[in-house]
Amino acid sequence: MTDERGSDDHQVTVRQAVEEDDAVLLAIERVAWDASSGFPSYGETLQDTFFTRSGPDAHLVAEYDGVVVGYVRLQEKYPFPEGSGVLAINGIAVAPDARRLGVGNALMTATTDEAHRRGARKITLHVHGVNAPARHLYERHGYVVEGTHTAEFIIEGAPVDALDMAKFL
C-alpha cells in the first residue's frame, strides 16, 4: 500500500491487516497507551484477541523492516446515508520502541490514501488535549481542531480535554 523511508533508510510499509496480525496487534495495544494518550482503565478491558472490536478489514498495519509495529483503525463514522463519506480514525497506535521512526507519518499518509480510495470527503478523530505529539502529527497531515470538550475526562485525578479533529479531502 504505502512505502516510506524511516530513519537511517529503514523502510516503513503499510498494508491491510489480516487475521494473523491478531497477536502482535494485541501486544502493541497492551503497551501503546498511557494517561496522555488513552484511558488507564482500557487495559483492563482487553480480551485475548485484538479483533473483538472490529475485524482486520477496519485496520491498516504498519511494518518497520518487516516487523508489525503499529496500526490505524479506520471506519465509517455513521451507519446512515446522510453521513456517508465521513470516516473516523477509531484508534491509532505505534509500539513504544518504534516511535519517532516515521511509522505514525506512514499510517497517516496511508489513511488519507485509503480515504481517497473509498471516496470519502472527511476524516475525523478524537485526541486528548494533553497528547501534544499526536496533535502535531495530525496537524502536519492537515487535520484541524473542530471542537474542544473541556475537562471531558478525569485521568489520574486531572481534568483532560478531548479534541475533535478533522481533515477535509
# chains A, B, ... in the order shown; residues from 1 in each chain; ligands from 1
>>> residues_around(residues="stretch 30-37 of chain A", least_positions_apart="4", cutoff="8 Å", atoms="only C-alpha atoms", output="MDAnalysis selection string")
chainID A and resid 26 43 46 93:96 127:128 130:131 155:156
>>> write_last_selection(atoms="N, CA and C atoms", output="CSV table (one decimal), in the first residue's frame")
chain,number,residue,atom,x,y,z
A,26,LEU,N,-2.5,-7.1,19.4
A,26,LEU,CA,-2.9,-7.1,20.8
A,26,LEU,C,-1.7,-6.8,21.8
A,43,GLY,N,-6.9,-0.9,29.6
A,43,GLY,CA,-6.1,-2.2,29.6
A,43,GLY,C,-6.9,-3.3,30.3
A,46,LEU,N,-9.1,-5.4,27.8
A,46,LEU,CA,-8.6,-6.2,26.7
A,46,LEU,C,-8.8,-7.7,26.9
A,93,ALA,N,-2.1,3.4,16.9
A,93,ALA,CA,-1.1,3.1,17.9
A,93,ALA,C,0.2,2.7,17.3
A,94,VAL,N,1.3,3.1,17.9
A,94,VAL,CA,2.6,2.7,17.4
A,94,VAL,C,3.4,2.1,18.7
A,95,ALA,N,4.0,0.9,18.5
A,95,ALA,CA,4.7,0.3,19.6
A,95,ALA,C,5.7,1.3,20.1
A,96,PRO,N,5.9,1.4,21.4
A,96,PRO,CA,6.8,2.4,22.0
A,96,PRO,C,8.2,2.4,21.4
A,127,VAL,N,-8.7,13.2,20.1
A,127,VAL,CA,-7.4,13.1,20.7
A,127,VAL,C,-7.4,13.8,22.1
A,128,HIS,N,-6.7,13.3,23.1
A,128,HIS,CA,-6.6,14.0,24.3
A,128,HIS,C,-5.8,15.4,24.1
A,130,VAL,N,-3.9,16.9,26.0
A,130,VAL,CA,-2.5,16.8,26.5
A,130,VAL,C,-1.6,16.0,25.7
A,131,ASN,N,-2.1,15.4,24.6
A,131,ASN,CA,-1.2,14.5,23.8
A,131,ASN,C,-0.6,15.3,22.6
A,155,ILE,N,-8.4,11.9,34.3
A,155,ILE,CA,-7.5,10.8,34.2
A,155,ILE,C,-6.4,11.0,35.2
A,156,GLU,N,-6.2,10.0,36.1
A,156,GLU,CA,-5.2,10.1,37.1
A,156,GLU,C,-5.4,11.4,38.0
>>> select_by_dssp(residues="chain A", states="alpha helix (DSSP H)", output="short mmCIF file (atom, residue, chain, number, x, y, z; two decimals) with N, CA and C atoms, in the first residue's frame")
data_model
loop_
_atom_site.label_atom_id
_atom_site.label_comp_id
_atom_site.auth_asym_id
_atom_site.auth_seq_id
_atom_site.Cartn_x
_atom_site.Cartn_y
_atom_site.Cartn_z
N ASP A 22 -3.32 -10.65 14.61
CA ASP A 22 -4.04 -10.50 15.87
C ASP A 22 -3.13 -10.44 17.10
N ALA A 23 -2.27 -11.40 17.27
CA ALA A 23 -1.44 -11.48 18.49
C ALA A 23 -0.49 -10.28 18.61
N VAL A 24 0.16 -9.90 17.52
CA VAL A 24 1.11 -8.79 17.60
C VAL A 24 0.37 -7.46 17.82
N LEU A 25 -0.80 -7.30 17.22
CA LEU A 25 -1.56 -6.06 17.45
C LEU A 25 -2.07 -5.99 18.89
N LEU A 26 -2.47 -7.12 19.45
CA LEU A 26 -2.88 -7.14 20.85
C LEU A 26 -1.70 -6.77 21.76
N ALA A 27 -0.52 -7.27 21.44
CA ALA A 27 0.67 -6.94 22.24
C ALA A 27 0.96 -5.44 22.16
N ILE A 28 0.82 -4.84 20.98
CA ILE A 28 1.02 -3.39 20.84
C ILE A 28 -0.03 -2.65 21.64
N GLU A 29 -1.27 -3.08 21.53
CA GLU A 29 -2.38 -2.43 22.24
C GLU A 29 -2.14 -2.42 23.75
N ARG A 30 -1.52 -3.44 24.26
CA ARG A 30 -1.28 -3.55 25.71
C ARG A 30 -0.20 -2.61 26.22
N VAL A 31 0.67 -2.11 25.33
CA VAL A 31 1.77 -1.25 25.79
C VAL A 31 1.76 0.15 25.18
N ALA A 32 0.91 0.39 24.22
CA ALA A 32 0.98 1.65 23.47
C ALA A 32 0.34 2.84 24.17
N VAL A 103 6.77 5.87 11.54
CA VAL A 103 5.64 4.95 11.48
C VAL A 103 4.31 5.71 11.52
N GLY A 104 4.18 6.67 12.42
CA GLY A 104 2.95 7.46 12.51
C GLY A 104 2.68 8.22 11.22
N ASN A 105 3.73 8.80 10.65
CA ASN A 105 3.58 9.50 9.36
C ASN A 105 3.09 8.55 8.28
N ALA A 106 3.67 7.37 8.23
CA ALA A 106 3.27 6.39 7.21
C ALA A 106 1.81 5.98 7.40
N LEU A 107 1.39 5.78 8.65
CA LEU A 107 0.00 5.41 8.91
C LEU A 107 -0.96 6.53 8.52
N MET A 108 -0.60 7.77 8.81
CA MET A 108 -1.48 8.89 8.47
C MET A 108 -1.56 9.08 6.96
N THR A 109 -0.45 8.92 6.27
CA THR A 109 -0.46 9.02 4.81
C THR A 109 -1.31 7.91 4.21
N ALA A 110 -1.15 6.69 4.71
CA ALA A 110 -1.95 5.57 4.21
C ALA A 110 -3.43 5.76 4.51
N THR A 111 -3.74 6.38 5.64
CA THR A 111 -5.14 6.65 5.98
C THR A 111 -5.76 7.59 4.96
N THR A 112 -5.03 8.64 4.60
CA THR A 112 -5.54 9.57 3.59
C THR A 112 -5.71 8.87 2.25
N ASP A 113 -4.73 8.06 1.87
CA ASP A 113 -4.82 7.31 0.62
C ASP A 113 -6.04 6.39 0.62
N GLU A 114 -6.25 5.69 1.72
CA GLU A 114 -7.39 4.78 1.82
C GLU A 114 -8.71 5.55 1.78
N ALA A 115 -8.76 6.69 2.44
CA ALA A 115 -9.97 7.51 2.42
C ALA A 115 -10.29 7.98 1.00
N HIS A 116 -9.28 8.39 0.27
CA HIS A 116 -9.49 8.76 -1.14
C HIS A 116 -9.99 7.55 -1.94
N ARG A 117 -9.38 6.40 -1.70
CA ARG A 117 -9.79 5.19 -2.42
C ARG A 117 -11.26 4.87 -2.17
N ALA A 132 0.35 16.15 23.01
CA ALA A 132 0.98 17.06 22.04
C ALA A 132 1.64 16.33 20.86
N PRO A 133 2.36 15.24 21.07
CA PRO A 133 2.98 14.58 19.90
C PRO A 133 1.94 14.12 18.87
N ALA A 134 0.83 13.55 19.33
CA ALA A 134 -0.20 13.11 18.40
C ALA A 134 -0.84 14.30 17.71
N ARG A 135 -1.14 15.35 18.46
CA ARG A 135 -1.75 16.55 17.86
C ARG A 135 -0.86 17.12 16.77
N HIS A 136 0.43 17.19 17.01
CA HIS A 136 1.36 17.72 16.00
C HIS A 136 1.39 16.82 14.76
N LEU A 137 1.37 15.51 14.96
CA LEU A 137 1.33 14.58 13.83
C LEU A 137 0.08 14.84 12.99
N TYR A 138 -1.05 14.93 13.64
CA TYR A 138 -2.30 15.14 12.91
C TYR A 138 -2.30 16.49 12.19
N GLU A 139 -1.81 17.52 12.84
CA GLU A 139 -1.75 18.85 12.22
C GLU A 139 -0.84 18.83 10.99
N ARG A 140 0.28 18.13 11.07
CA ARG A 140 1.19 18.03 9.91
C ARG A 140 0.50 17.35 8.74
#
>>> closest_residue(among="A:Val67, A:Ala98, A:Val86, A:Val14", to="A:Lys167", atoms="only C-alpha atoms")
A:Val86
>>> closest_residue(among="A:His141, A:Arg121, A:Arg100, A:Val12", to="A:Gly83", atoms="only C-alpha atoms")
A:Arg121
>>> select_by_dssp(residues="chain A", states="strand (DSSP E or B)", output="PyMOL selection string")
chain A and resi 2-5+11-16+59-64+67-76+86-94+122-128+144-155+158-168
